[in-house]
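What follows is a set of notes on a single structure, which appears directly below.
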Amino acid sequence: MNTALRKPAAAAQPPLEPQAASAREHLRLSGVQKVYTGGALPVTALADIDLSIARGEIFGIIGRSGAGKSSLIRTLNRLEDVSAGQVLVDGVDIGTLKGDRLVALRRRIGMIFQHFNLLASQTVLENLALPLKAAGFRRDEIEARARELLELVGLQGKEQVYPSRLSGGQKQRVGIARALMLKPELLLCDEATSALDPETTQSILALLQDINRRLGLTIVLITHEMAVIRQICDRVVVLEHGRIVEQGPVWQLFGAPQAEATRALLAPLAAQLPADLARRLAATRQSGARAVLELHYDGQGAEPDFQALGQALGAPVELLHGGIDRIQGHALGRLLVATAAPERRLASFLTQTGLFARAEVLGYV
Ligand SMILES: Nc1ncnc2c1ncn2[C@@H]1O[C@H](COP(=O)(O)OP(=O)(O)OP(=O)(O)O)[C@@H](O)[C@H]1O
Ligand SMILES: [Mg+2]
């Protein structure tokens with residue numbers, strides 16, 4: 001690991017005096033409102049946002065289109081000013097920063113975008129150099145830093161290449177390298193993998209995780225891809241009409257979503273009933289038919305245990321469909337099973353806590 005990346009660049013980062021921030025808290029939003037007043041009618045994009053993000057955390061923001069995700073992330077580096085409330089970075093209200101101190105804040109925050117935002121007429125090296133040139137670094141320092149970061153993102157030797165010669169994934173790697181040039185402590189990602197194919201998305205997510213671990217960077221990311229959240233985020237907040245409707249550890253939110261908006265976002269991940277099974281499923285039990293049970297695991301307690309299920313039902317259990325994900329060490333998912341257990345036994349089984357989070361009889365086959 002490259003320790004040089006950890007050292008704060010004293011010239012580029014005049015310290016902001018931290019106030020009463022807790023050691024682990026990196027960002028805090030309290031009572032944040034954002035109203036856009038440019039158009040014919042004011043638009044309230046954010047309302048009553050209270051949020052705390054820990055140092056070194058990977059924090060996700062999800063919500064439907066127009067929910068206020070980009071507005072929220074843009075308040076963190078003052079690309080947008082809040083209309084009311086405060087955004088604290090290390091305990092400092094960034095709304096009060098002016099001049100050099102605002103510049104210093106922005107240098108401590110890197111940002112990457114869906115469409116990479118690279119300058120097409122400039123080489124990779126020139127693109128990387130821009131933030132450092134503006135900050136007054138010497139050419140040799142800039143080149144050394146660019147080399148170091150291109151290596152970190154797996155693009156060594158690409159200094160003289162123009163962006164048009166790079167794939168989408170490579171462009172995003174350059175975007176990430178550029179965002180890291182000034183050794184930021186916070187990386188903001190607005191749909192950073194949305195323009196990439198699944199495989200490239202995986203490699204960029206792995207890179208973000210690697211950066212998070214190796215450099216201790218806090219990462220705040222927006223995505224409409226729930227699989228991205230599931231894979232790399234520690235905690236997630238759900239926005240709806242500019243308000244927080246739910247937040248918590250990823251496993252909890254995915255296991256037992258409370259808000260309607262969260263359920264709707266997660267719906268594509270929930271397996272539907274397979275067509276052949278749906279066709280065969282009867283609403284009433286014919287003689288000799290087996291019951292089809294849907295068992296939910298929400299990560300809070302029970303793990304799937306077929307032996308225990310069989311014992312509780314007094315009959316074997318056959319797995320028909322479904323799967324279990326392990327998120328942050330918690331088993332989450334839905335299983336469809338068939339069992340010949342009689343109705344009386346089923347009724348008492350459904351009330352048994354400890355074997356699953358929730359269960360229901362879907363029908364009979
Ligand atoms: N510069 C602006 N001026 C006026 N209204 C804006 C501006 N930017 C965003 N809005 C409005 O604020 C609301 C929130 O927009 P925002 O871009 O934050 O949503 P989002 O969750 O990022 O959506 P998407 O998933 O489509 O990117 C929307 O109603 C949007 O039309
Ligand atoms: Mg957006």
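Chain labels run A, B, ... following the order of the structure tokens; each chain numbers its residues from 1, and ligands are numbered from 1 in the order shown.
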
So that I can check the surroundings of Gly154 (chain A), please list as number ranges by chain every protein, DNA and RNA residue that reaches within 10 Å of it, counting only C-alpha atoms and ignoring chain neighbours fewer than 2 positions away. A: 149-152, 156-158, 170, 173-174, 177, 207

Given 10 Å and only C-alpha atoms and all ligand atoms, residues near ligand 1 as a PDB file with all heavy atoms, in the first residue's frame:
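And here's out-v3.pdb as it stands now:
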```pdb
ATOM      1  N   LYS A  34     -33.663  22.429   0.787  1.00  0.00           N
ATOM      2  CA  LYS A  34     -33.165  23.023  -0.454  1.00  0.00           C
ATOM      3  C   LYS A  34     -34.368  23.384  -1.315  1.00  0.00           C
ATOM      4  O   LYS A  34     -35.167  22.513  -1.670  1.00  0.00           O
ATOM      5  CB  LYS A  34     -32.260  22.043  -1.200  1.00  0.00           C
ATOM      6  CG  LYS A  34     -31.809  22.549  -2.558  1.00  0.00           C
ATOM      7  CD  LYS A  34     -30.878  23.738  -2.447  1.00  0.00           C
ATOM      8  CE  LYS A  34     -30.695  24.437  -3.779  1.00  0.00           C
ATOM      9  NZ  LYS A  34     -29.830  25.628  -3.642  1.00  0.00           N
ATOM     10  N   VAL A  35     -34.511  24.659  -1.566  1.00  0.00           N
ATOM     11  CA  VAL A  35     -35.593  25.123  -2.437  1.00  0.00           C
ATOM     12  C   VAL A  35     -34.964  25.804  -3.637  1.00  0.00           C
ATOM     13  O   VAL A  35     -34.145  26.715  -3.479  1.00  0.00           O
ATOM     14  CB  VAL A  35     -36.516  26.118  -1.688  1.00  0.00           C
ATOM     15  CG1 VAL A  35     -37.674  26.543  -2.594  1.00  0.00           C
ATOM     16  CG2 VAL A  35     -37.040  25.510  -0.393  1.00  0.00           C
ATOM     17  N   TYR A  36     -35.290  25.321  -4.840  1.00  0.00           N
ATOM     18  CA  TYR A  36     -34.815  25.979  -6.064  1.00  0.00           C
ATOM     19  C   TYR A  36     -35.807  27.082  -6.422  1.00  0.00           C
ATOM     20  O   TYR A  36     -37.007  26.820  -6.553  1.00  0.00           O
ATOM     21  CB  TYR A  36     -34.720  24.978  -7.217  1.00  0.00           C
ATOM     22  CG  TYR A  36     -33.655  23.918  -7.025  1.00  0.00           C
ATOM     23  CD1 TYR A  36     -34.001  22.616  -6.677  1.00  0.00           C
ATOM     24  CD2 TYR A  36     -32.305  24.213  -7.211  1.00  0.00           C
ATOM     25  CE1 TYR A  36     -33.026  21.631  -6.521  1.00  0.00           C
ATOM     26  CE2 TYR A  36     -31.325  23.241  -7.050  1.00  0.00           C
ATOM     27  CZ  TYR A  36     -31.696  21.957  -6.705  1.00  0.00           C
ATOM     28  OH  TYR A  36     -30.738  20.988  -6.544  1.00  0.00           O
ATOM     29  N   THR A  37     -35.302  28.280  -6.577  1.00  0.00           N
ATOM     30  CA  THR A  37     -36.212  29.404  -6.803  1.00  0.00           C
ATOM     31  C   THR A  37     -36.067  30.009  -8.193  1.00  0.00           C
ATOM     32  O   THR A  37     -36.696  31.005  -8.509  1.00  0.00           O
ATOM     33  CB  THR A  37     -35.957  30.510  -5.755  1.00  0.00           C
ATOM     34  OG1 THR A  37     -34.559  30.812  -5.770  1.00  0.00           O
ATOM     35  CG2 THR A  37     -36.370  30.067  -4.374  1.00  0.00           C
ATOM     36  N   GLY A  38     -35.241  29.383  -9.052  1.00  0.00           N
ATOM     37  CA  GLY A  38     -34.983  29.959 -10.380  1.00  0.00           C
ATOM     38  C   GLY A  38     -36.187  29.959 -11.313  1.00  0.00           C
ATOM     39  O   GLY A  38     -36.348  30.865 -12.123  1.00  0.00           O
ATOM     40  N   GLY A  39     -37.047  28.944 -11.209  1.00  0.00           N
ATOM     41  CA  GLY A  39     -38.147  28.789 -12.170  1.00  0.00           C
ATOM     42  C   GLY A  39     -39.378  29.616 -11.809  1.00  0.00           C
ATOM     43  O   GLY A  39     -39.338  30.459 -10.916  1.00  0.00           O
ATOM     44  N   ALA A  40     -40.460  29.361 -12.549  1.00  0.00           N
ATOM     45  CA  ALA A  40     -41.704  30.089 -12.303  1.00  0.00           C
ATOM     46  C   ALA A  40     -42.224  29.805 -10.892  1.00  0.00           C
ATOM     47  O   ALA A  40     -42.687  30.719 -10.197  1.00  0.00           O
ATOM     48  CB  ALA A  40     -42.747  29.661 -13.339  1.00  0.00           C
ATOM     49  N   LEU A  41     -42.104  28.544 -10.482  1.00  0.00           N
ATOM     50  CA  LEU A  41     -42.540  28.165  -9.131  1.00  0.00           C
ATOM     51  C   LEU A  41     -41.345  27.613  -8.361  1.00  0.00           C
ATOM     52  O   LEU A  41     -40.505  26.931  -8.941  1.00  0.00           O
ATOM     53  CB  LEU A  41     -43.609  27.063  -9.209  1.00  0.00           C
ATOM     54  CG  LEU A  41     -44.990  27.476  -9.725  1.00  0.00           C
ATOM     55  CD1 LEU A  41     -45.865  26.245  -9.899  1.00  0.00           C
ATOM     56  CD2 LEU A  41     -45.659  28.467  -8.768  1.00  0.00           C
ATOM     57  N   PRO A  42     -41.243  27.907  -7.065  1.00  0.00           N
ATOM     58  CA  PRO A  42     -40.148  27.311  -6.298  1.00  0.00           C
ATOM     59  C   PRO A  42     -40.320  25.795  -6.196  1.00  0.00           C
ATOM     60  O   PRO A  42     -41.445  25.306  -6.118  1.00  0.00           O
ATOM     61  CB  PRO A  42     -40.273  27.971  -4.916  1.00  0.00           C
ATOM     62  CG  PRO A  42     -41.618  28.585  -4.866  1.00  0.00           C
ATOM     63  CD  PRO A  42     -42.113  28.782  -6.270  1.00  0.00           C
ATOM     64  N   VAL A  43     -39.199  25.074  -6.229  1.00  0.00           N
ATOM     65  CA  VAL A  43     -39.241  23.608  -6.089  1.00  0.00           C
ATOM     66  C   VAL A  43     -38.519  23.243  -4.804  1.00  0.00           C
ATOM     67  O   VAL A  43     -37.349  23.588  -4.634  1.00  0.00           O
ATOM     68  CB  VAL A  43     -38.525  22.915  -7.275  1.00  0.00           C
ATOM     69  CG1 VAL A  43     -38.495  21.402  -7.067  1.00  0.00           C
ATOM     70  CG2 VAL A  43     -39.183  23.263  -8.593  1.00  0.00           C
ATOM     71  N   THR A  44     -39.228  22.572  -3.896  1.00  0.00           N
ATOM     72  CA  THR A  44     -38.580  22.098  -2.670  1.00  0.00           C
ATOM     73  C   THR A  44     -37.965  20.736  -2.960  1.00  0.00           C
ATOM     74  O   THR A  44     -38.665  19.739  -3.082  1.00  0.00           O
ATOM     75  CB  THR A  44     -39.584  21.991  -1.512  1.00  0.00           C
ATOM     76  OG1 THR A  44     -40.151  23.283  -1.316  1.00  0.00           O
ATOM     77  CG2 THR A  44     -38.909  21.518  -0.232  1.00  0.00           C
ATOM     78  N   ALA A  45     -36.639  20.703  -3.096  1.00  0.00           N
ATOM     79  CA  ALA A  45     -35.953  19.454  -3.448  1.00  0.00           C
ATOM     80  C   ALA A  45     -35.560  18.662  -2.201  1.00  0.00           C
ATOM     81  O   ALA A  45     -35.457  17.442  -2.254  1.00  0.00           O
ATOM     82  CB  ALA A  45     -34.728  19.752  -4.288  1.00  0.00           C
ATOM     83  N   LEU A  46     -35.330  19.353  -1.077  1.00  0.00           N
ATOM     84  CA  LEU A  46     -34.961  18.671   0.173  1.00  0.00           C
ATOM     85  C   LEU A  46     -35.686  19.339   1.336  1.00  0.00           C
ATOM     86  O   LEU A  46     -35.796  20.569   1.374  1.00  0.00           O
ATOM     87  CB  LEU A  46     -33.448  18.772   0.429  1.00  0.00           C
ATOM     88  CG  LEU A  46     -32.511  18.112  -0.577  1.00  0.00           C
ATOM     89  CD1 LEU A  46     -31.054  18.476  -0.275  1.00  0.00           C
ATOM     90  CD2 LEU A  46     -32.682  16.594  -0.573  1.00  0.00           C
ATOM     91  N   ILE A  61     -27.235   6.533  -1.104  1.00  0.00           N
ATOM     92  CA  ILE A  61     -28.466   7.332  -1.177  1.00  0.00           C
ATOM     93  C   ILE A  61     -29.303   6.760  -2.312  1.00  0.00           C
ATOM     94  O   ILE A  61     -28.822   6.678  -3.445  1.00  0.00           O
ATOM     95  CB  ILE A  61     -28.156   8.817  -1.485  1.00  0.00           C
ATOM     96  CG1 ILE A  61     -27.209   9.410  -0.437  1.00  0.00           C
ATOM     97  CG2 ILE A  61     -29.448   9.623  -1.564  1.00  0.00           C
ATOM     98  CD1 ILE A  61     -26.740  10.822  -0.782  1.00  0.00           C
ATOM     99  N   ILE A  62     -30.527   6.345  -1.989  1.00  0.00           N
ATOM    100  CA  ILE A  62     -31.396   5.824  -3.043  1.00  0.00           C
ATOM    101  C   ILE A  62     -32.727   6.564  -3.007  1.00  0.00           C
ATOM    102  O   ILE A  62     -33.056   7.258  -2.037  1.00  0.00           O
ATOM    103  CB  ILE A  62     -31.625   4.286  -2.931  1.00  0.00           C
ATOM    104  CG1 ILE A  62     -32.258   3.893  -1.591  1.00  0.00           C
ATOM    105  CG2 ILE A  62     -30.324   3.555  -3.111  1.00  0.00           C
ATOM    106  CD1 ILE A  62     -32.575   2.390  -1.486  1.00  0.00           C
ATOM    107  N   GLY A  63     -33.480   6.403  -4.063  1.00  0.00           N
ATOM    108  CA  GLY A  63     -34.777   7.065  -4.162  1.00  0.00           C
ATOM    109  C   GLY A  63     -35.151   7.158  -5.625  1.00  0.00           C
ATOM    110  O   GLY A  63     -34.299   7.044  -6.500  1.00  0.00           O
ATOM    111  N   ARG A  64     -36.439   7.363  -5.851  1.00  0.00           N
ATOM    112  CA  ARG A  64     -36.907   7.450  -7.234  1.00  0.00           C
ATOM    113  C   ARG A  64     -36.313   8.684  -7.913  1.00  0.00           C
ATOM    114  O   ARG A  64     -35.810   9.581  -7.248  1.00  0.00           O
ATOM    115  CB  ARG A  64     -38.431   7.574  -7.249  1.00  0.00           C
ATOM    116  CG  ARG A  64     -39.162   6.355  -6.712  1.00  0.00           C
ATOM    117  CD  ARG A  64     -40.660   6.599  -6.847  1.00  0.00           C
ATOM    118  NE  ARG A  64     -41.444   5.402  -6.574  1.00  0.00           N
ATOM    119  CZ  ARG A  64     -42.074   5.181  -5.420  1.00  0.00           C
ATOM    120  NH1 ARG A  64     -41.998   6.061  -4.430  1.00  0.00           N
ATOM    121  NH2 ARG A  64     -42.779   4.083  -5.250  1.00  0.00           N
ATOM    122  N   SER A  65     -36.453   8.737  -9.211  1.00  0.00           N
ATOM    123  CA  SER A  65     -35.995   9.897  -9.968  1.00  0.00           C
ATOM    124  C   SER A  65     -36.706  11.154  -9.447  1.00  0.00           C
ATOM    125  O   SER A  65     -37.914  11.135  -9.224  1.00  0.00           O
ATOM    126  CB  SER A  65     -36.318   9.680 -11.450  1.00  0.00           C
ATOM    127  OG  SER A  65     -35.800  10.745 -12.189  1.00  0.00           O
ATOM    128  N   GLY A  66     -35.935  12.199  -9.214  1.00  0.00           N
ATOM    129  CA  GLY A  66     -36.515  13.444  -8.723  1.00  0.00           C
ATOM    130  C   GLY A  66     -36.677  13.493  -7.216  1.00  0.00           C
ATOM    131  O   GLY A  66     -37.185  14.488  -6.668  1.00  0.00           O
ATOM    132  N   ALA A  67     -36.241  12.449  -6.504  1.00  0.00           N
ATOM    133  CA  ALA A  67     -36.428  12.401  -5.044  1.00  0.00           C
ATOM    134  C   ALA A  67     -35.519  13.381  -4.310  1.00  0.00           C
ATOM    135  O   ALA A  67     -35.760  13.678  -3.136  1.00  0.00           O
ATOM    136  CB  ALA A  67     -36.172  10.981  -4.530  1.00  0.00           C
ATOM    137  N   GLY A  68     -34.466  13.860  -4.971  1.00  0.00           N
ATOM    138  CA  GLY A  68     -33.579  14.835  -4.325  1.00  0.00           C
ATOM    139  C   GLY A  68     -32.179  14.319  -4.051  1.00  0.00           C
ATOM    140  O   GLY A  68     -31.398  14.965  -3.357  1.00  0.00           O
ATOM    141  N   LYS A  69     -31.829  13.174  -4.635  1.00  0.00           N
ATOM    142  CA  LYS A  69     -30.532  12.546  -4.357  1.00  0.00           C
ATOM    143  C   LYS A  69     -29.360  13.437  -4.775  1.00  0.00           C
ATOM    144  O   LYS A  69     -28.439  13.676  -3.986  1.00  0.00           O
ATOM    145  CB  LYS A  69     -30.433  11.190  -5.085  1.00  0.00           C
ATOM    146  CG  LYS A  69     -31.559  10.232  -4.752  1.00  0.00           C
ATOM    147  CD  LYS A  69     -31.440   8.924  -5.505  1.00  0.00           C
ATOM    148  CE  LYS A  69     -31.528   9.033  -7.014  1.00  0.00           C
ATOM    149  NZ  LYS A  69     -32.842   9.474  -7.530  1.00  0.00           N
ATOM    150  N   SER A  70     -29.417  13.909  -6.031  1.00  0.00           N
ATOM    151  CA  SER A  70     -28.305  14.747  -6.507  1.00  0.00           C
ATOM    152  C   SER A  70     -28.254  16.051  -5.727  1.00  0.00           C
ATOM    153  O   SER A  70     -27.176  16.541  -5.388  1.00  0.00           O
ATOM    154  CB  SER A  70     -28.437  15.027  -8.009  1.00  0.00           C
ATOM    155  OG  SER A  70     -28.330  13.818  -8.728  1.00  0.00           O
ATOM    156  N   SER A  71     -29.423  16.599  -5.438  1.00  0.00           N
ATOM    157  CA  SER A  71     -29.447  17.846  -4.652  1.00  0.00           C
ATOM    158  C   SER A  71     -28.754  17.616  -3.318  1.00  0.00           C
ATOM    159  O   SER A  71     -27.960  18.448  -2.857  1.00  0.00           O
ATOM    160  CB  SER A  71     -30.889  18.297  -4.414  1.00  0.00           C
ATOM    161  OG  SER A  71     -31.535  18.528  -5.647  1.00  0.00           O
ATOM    162  N   LEU A  72     -29.033  16.476  -2.701  1.00  0.00           N
ATOM    163  CA  LEU A  72     -28.447  16.190  -1.388  1.00  0.00           C
ATOM    164  C   LEU A  72     -26.928  16.064  -1.478  1.00  0.00           C
ATOM    165  O   LEU A  72     -26.188  16.688  -0.705  1.00  0.00           O
ATOM    166  CB  LEU A  72     -29.059  14.900  -0.822  1.00  0.00           C
ATOM    167  CG  LEU A  72     -28.487  14.394   0.495  1.00  0.00           C
ATOM    168  CD1 LEU A  72     -28.542  15.477   1.563  1.00  0.00           C
ATOM    169  CD2 LEU A  72     -29.233  13.163   0.975  1.00  0.00           C
ATOM    170  N   ILE A  73     -26.461  15.290  -2.434  1.00  0.00           N
ATOM    171  CA  ILE A  73     -25.015  15.056  -2.509  1.00  0.00           C
ATOM    172  C   ILE A  73     -24.291  16.357  -2.858  1.00  0.00           C
ATOM    173  O   ILE A  73     -23.175  16.600  -2.410  1.00  0.00           O
ATOM    174  CB  ILE A  73     -24.702  13.907  -3.501  1.00  0.00           C
ATOM    175  CG1 ILE A  73     -23.489  13.096  -3.022  1.00  0.00           C
ATOM    176  CG2 ILE A  73     -24.459  14.400  -4.904  1.00  0.00           C
ATOM    177  CD1 ILE A  73     -23.273  11.781  -3.744  1.00  0.00           C
ATOM    178  N   ARG A  74     -24.955  17.217  -3.629  1.00  0.00           N
ATOM    179  CA  ARG A  74     -24.322  18.481  -4.044  1.00  0.00           C
ATOM    180  C   ARG A  74     -24.278  19.516  -2.919  1.00  0.00           C
ATOM    181  O   ARG A  74     -23.530  20.488  -3.016  1.00  0.00           O
ATOM    182  CB  ARG A  74     -25.040  19.037  -5.275  1.00  0.00           C
ATOM    183  CG  ARG A  74     -24.781  18.186  -6.538  1.00  0.00           C
ATOM    184  CD  ARG A  74     -25.815  18.460  -7.615  1.00  0.00           C
ATOM    185  NE  ARG A  74     -25.768  19.841  -8.077  1.00  0.00           N
ATOM    186  CZ  ARG A  74     -24.984  20.277  -9.060  1.00  0.00           C
ATOM    187  NH1 ARG A  74     -24.207  19.426  -9.689  1.00  0.00           N
ATOM    188  NH2 ARG A  74     -24.984  21.533  -9.423  1.00  0.00           N
ATOM    189  N   GLU A  80     -24.241  23.059  -4.267  1.00  0.00           N
ATOM    190  CA  GLU A  80     -25.511  23.736  -3.978  1.00  0.00           C
ATOM    191  C   GLU A  80     -25.447  24.267  -2.555  1.00  0.00           C
ATOM    192  O   GLU A  80     -24.978  23.573  -1.650  1.00  0.00           O
ATOM    193  CB  GLU A  80     -26.695  22.760  -4.053  1.00  0.00           C
ATOM    194  CG  GLU A  80     -26.993  22.192  -5.418  1.00  0.00           C
ATOM    195  CD  GLU A  80     -27.556  23.198  -6.413  1.00  0.00           C
ATOM    196  OE1 GLU A  80     -27.874  24.354  -6.004  1.00  0.00           O
ATOM    197  OE2 GLU A  80     -27.664  22.835  -7.586  1.00  0.00           O
ATOM    198  N   ASP A 190     -22.043  10.309  -7.994  1.00  0.00           N
ATOM    199  CA  ASP A 190     -23.434  10.439  -8.448  1.00  0.00           C
ATOM    200  C   ASP A 190     -23.641   9.519  -9.646  1.00  0.00           C
ATOM    201  O   ASP A 190     -23.256   9.848 -10.757  1.00  0.00           O
ATOM    202  CB  ASP A 190     -23.740  11.905  -8.806  1.00  0.00           C
ATOM    203  CG  ASP A 190     -25.249  12.147  -8.953  1.00  0.00           C
ATOM    204  OD1 ASP A 190     -26.002  11.162  -9.091  1.00  0.00           O
ATOM    205  OD2 ASP A 190     -25.661  13.325  -8.927  1.00  0.00           O
ATOM    206  N   GLU A 191     -24.244   8.374  -9.404  1.00  0.00           N
ATOM    207  CA  GLU A 191     -24.513   7.382 -10.459  1.00  0.00           C
ATOM    208  C   GLU A 191     -23.233   7.023 -11.223  1.00  0.00           C
ATOM    209  O   GLU A 191     -23.233   6.949 -12.454  1.00  0.00           O
ATOM    210  CB  GLU A 191     -25.591   7.908 -11.427  1.00  0.00           C
ATOM    211  CG  GLU A 191     -26.946   8.153 -10.793  1.00  0.00           C
ATOM    212  CD  GLU A 191     -27.761   6.872 -10.555  1.00  0.00           C
ATOM    213  OE1 GLU A 191     -27.213   5.772 -10.740  1.00  0.00           O
ATOM    214  OE2 GLU A 191     -28.929   6.994 -10.149  1.00  0.00           O
ATOM    215  N   ILE A 222     -24.677   7.746  -4.816  1.00  0.00           N
ATOM    216  CA  ILE A 222     -26.057   7.666  -5.296  1.00  0.00           C
ATOM    217  C   ILE A 222     -26.093   6.592  -6.359  1.00  0.00           C
ATOM    218  O   ILE A 222     -25.208   6.546  -7.216  1.00  0.00           O
ATOM    219  CB  ILE A 222     -26.462   8.990  -5.976  1.00  0.00           C
ATOM    220  CG1 ILE A 222     -26.504  10.129  -4.982  1.00  0.00           C
ATOM    221  CG2 ILE A 222     -27.803   8.827  -6.691  1.00  0.00           C
ATOM    222  CD1 ILE A 222     -26.737  11.481  -5.646  1.00  0.00           C
ATOM    223  N   THR A 223     -27.100   5.758  -6.317  1.00  0.00           N
ATOM    224  CA  THR A 223     -27.258   4.804  -7.407  1.00  0.00           C
ATOM    225  C   THR A 223     -28.719   4.389  -7.498  1.00  0.00           C
ATOM    226  O   THR A 223     -29.449   4.432  -6.514  1.00  0.00           O
ATOM    227  CB  THR A 223     -26.376   3.557  -7.208  1.00  0.00           C
ATOM    228  OG1 THR A 223     -26.600   2.658  -8.298  1.00  0.00           O
ATOM    229  CG2 THR A 223     -26.675   2.824  -5.915  1.00  0.00           C
ATOM    230  N   HIS A 224     -29.140   4.028  -8.709  1.00  0.00           N
ATOM    231  CA  HIS A 224     -30.471   3.432  -8.829  1.00  0.00           C
ATOM    232  C   HIS A 224     -30.346   1.915  -8.907  1.00  0.00           C
ATOM    233  O   HIS A 224     -31.340   1.217  -9.008  1.00  0.00           O
ATOM    234  CB  HIS A 224     -31.202   3.988 -10.060  1.00  0.00           C
ATOM    235  CG  HIS A 224     -30.598   3.558 -11.357  1.00  0.00           C
ATOM    236  ND1 HIS A 224     -29.615   4.284 -11.987  1.00  0.00           N
ATOM    237  CD2 HIS A 224     -30.806   2.467 -12.114  1.00  0.00           C
ATOM    238  CE1 HIS A 224     -29.252   3.649 -13.091  1.00  0.00           C
ATOM    239  NE2 HIS A 224     -29.951   2.542 -13.185  1.00  0.00           N
ATOM    240  N   LEU A 239     -34.668   8.432   0.036  1.00  0.00           N
ATOM    241  CA  LEU A 239     -35.346   9.725  -0.095  1.00  0.00           C
ATOM    242  C   LEU A 239     -36.624   9.552  -0.897  1.00  0.00           C
ATOM    243  O   LEU A 239     -36.674   8.751  -1.840  1.00  0.00           O
ATOM    244  CB  LEU A 239     -34.465  10.726  -0.840  1.00  0.00           C
ATOM    245  CG  LEU A 239     -33.186  11.208  -0.182  1.00  0.00           C
ATOM    246  CD1 LEU A 239     -32.514  12.254  -1.069  1.00  0.00           C
ATOM    247  CD2 LEU A 239     -33.482  11.802   1.192  1.00  0.00           C
ATOM    248  N   GLU A 240     -37.625  10.327  -0.536  1.00  0.00           N
ATOM    249  CA  GLU A 240     -38.879  10.356  -1.298  1.00  0.00           C
ATOM    250  C   GLU A 240     -39.409  11.775  -1.194  1.00  0.00           C
ATOM    251  O   GLU A 240     -39.567  12.293  -0.087  1.00  0.00           O
ATOM    252  CB  GLU A 240     -39.854   9.330  -0.692  1.00  0.00           C
ATOM    253  CG  GLU A 240     -41.209   9.280  -1.320  1.00  0.00           C
ATOM    254  CD  GLU A 240     -41.281   8.470  -2.620  1.00  0.00           C
ATOM    255  OE1 GLU A 240     -40.239   8.270  -3.267  1.00  0.00           O
ATOM    256  OE2 GLU A 240     -42.393   8.063  -2.984  1.00  0.00           O
ATOM    257  N   HIS A 241     -39.634  12.401  -2.336  1.00  0.00           N
ATOM    258  CA  HIS A 241     -40.094  13.801  -2.357  1.00  0.00           C
ATOM    259  C   HIS A 241     -39.242  14.686  -1.446  1.00  0.00           C
ATOM    260  O   HIS A 241     -39.785  15.498  -0.694  1.00  0.00           O
ATOM    261  CB  HIS A 241     -41.569  13.899  -1.956  1.00  0.00           C
ATOM    262  CG  HIS A 241     -42.469  13.076  -2.825  1.00  0.00           C
ATOM    263  ND1 HIS A 241     -42.477  13.166  -4.199  1.00  0.00           N
ATOM    264  CD2 HIS A 241     -43.373  12.120  -2.512  1.00  0.00           C
ATOM    265  CE1 HIS A 241     -43.365  12.309  -4.691  1.00  0.00           C
ATOM    266  NE2 HIS A 241     -43.909  11.656  -3.688  1.00  0.00           N
ATOM    267  N   GLY A 242     -37.951  14.484  -1.476  1.00  0.00           N
ATOM    268  CA  GLY A 242     -37.046  15.370  -0.749  1.00  0.00           C
ATOM    269  C   GLY A 242     -36.931  15.096   0.732  1.00  0.00           C
ATOM    270  O   GLY A 242     -36.238  15.819   1.450  1.00  0.00           O
TER     271      GLY A 242
END
```

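Among the candidates A:Leu281, A:Leu293, A:Ala315, A:Ala192, the residue lying nearest to ligand 2 is A:Ala192 (atoms considered: only C-alpha atoms and all ligand atoms).
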
Please identify which residues in region 13-175 of chain A DSSP calls helix (DSSP H, G or I) from the backbone, and express them as number ranges by chain. A: 69-75, 94-96, 99-107, 124-134, 139-152, 163-165, 168-175

Counting only C-alpha atoms and all ligand atoms, the residue among A:Ile109, A:Leu180, A:Cys189, A:Leu336 that lies closest to ligand 2 is A:Cys189

Name the closest residue to ligand 2 among the candidates A:Ile211, A:Val228, A:Val245, A:Leu221; distances are taken between atoms, counting only C-alpha atoms and all ligand atoms. A:Leu221

Report the distance between CA of Asn117 (chain A) and CA of Ile229 (chain A) in Å, rounded to one decimal place.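 CA of Ile229 (chain A) lies 23.2 Å from CA of Asn117 (chain A).
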
Which residue gives the smallest distance to ligand 2 among A:Arg107, A:Phe113, A:Leu97, A:Val365, with only C-alpha atoms and all ligand atoms counted?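 Looking at the shortest contact to ligand 2, the residue is A:Phe113.
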
So how far away is CA of Leu102 (chain A) from CA of Ile219 (chain A), in Å?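 The value is 20.0 Å.
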
What are the DSSP strand (DSSP E) residues of region 215-334 of chain A, as a PyMOL selection string? chain A and resi 218-222+235-240+243-249+291-298+317-327+330-334

Just want the 12 Å neighbourhood of Ala278 (chain A), counted on only C-alpha atoms, with same-chain residues fewer than 4 positions away dropped. Output as a list of chain:residue names. A:Gln272, A:Leu273, A:Pro274, A:Ala282, A:Ala283, A:Val292, A:Leu320, A:His321, A:Leu336, A:Leu362, A:Gly363, A:Tyr364, A:Val365

Once you have the residues from the selection above, write them out as a PDB file, in the first residue's frame, restricted to C-alpha atoms.
```pdb
ATOM      1  CA  GLN A 272     -41.405 -13.590  -8.648  1.00  0.00           C
ATOM      2  CA  LEU A 273     -43.191 -16.904  -8.579  1.00  0.00           C
ATOM      3  CA  PRO A 274     -41.756 -19.081 -11.394  1.00  0.00           C
ATOM      4  CA  ALA A 282     -54.047 -24.542  -6.650  1.00  0.00           C
ATOM      5  CA  ALA A 283     -55.896 -22.400  -4.115  1.00  0.00           C
ATOM      6  CA  VAL A 292     -46.256 -24.521  -0.948  1.00  0.00           C
ATOM      7  CA  LEU A 320     -38.715 -25.440  -4.928  1.00  0.00           C
ATOM      8  CA  HIS A 321     -37.312 -22.009  -5.602  1.00  0.00           C
ATOM      9  CA  LEU A 336     -40.427 -21.475  -1.677  1.00  0.00           C
ATOM     10  CA  LEU A 362     -49.124 -19.716  -1.207  1.00  0.00           C
ATOM     11  CA  GLY A 363     -51.229 -22.650  -2.354  1.00  0.00           C
ATOM     12  CA  TYR A 364     -50.983 -26.346  -3.095  1.00  0.00           C
ATOM     13  CA  VAL A 365     -49.340 -28.520  -5.727  1.00  0.00           C
TER      14      VAL A 365
END
```
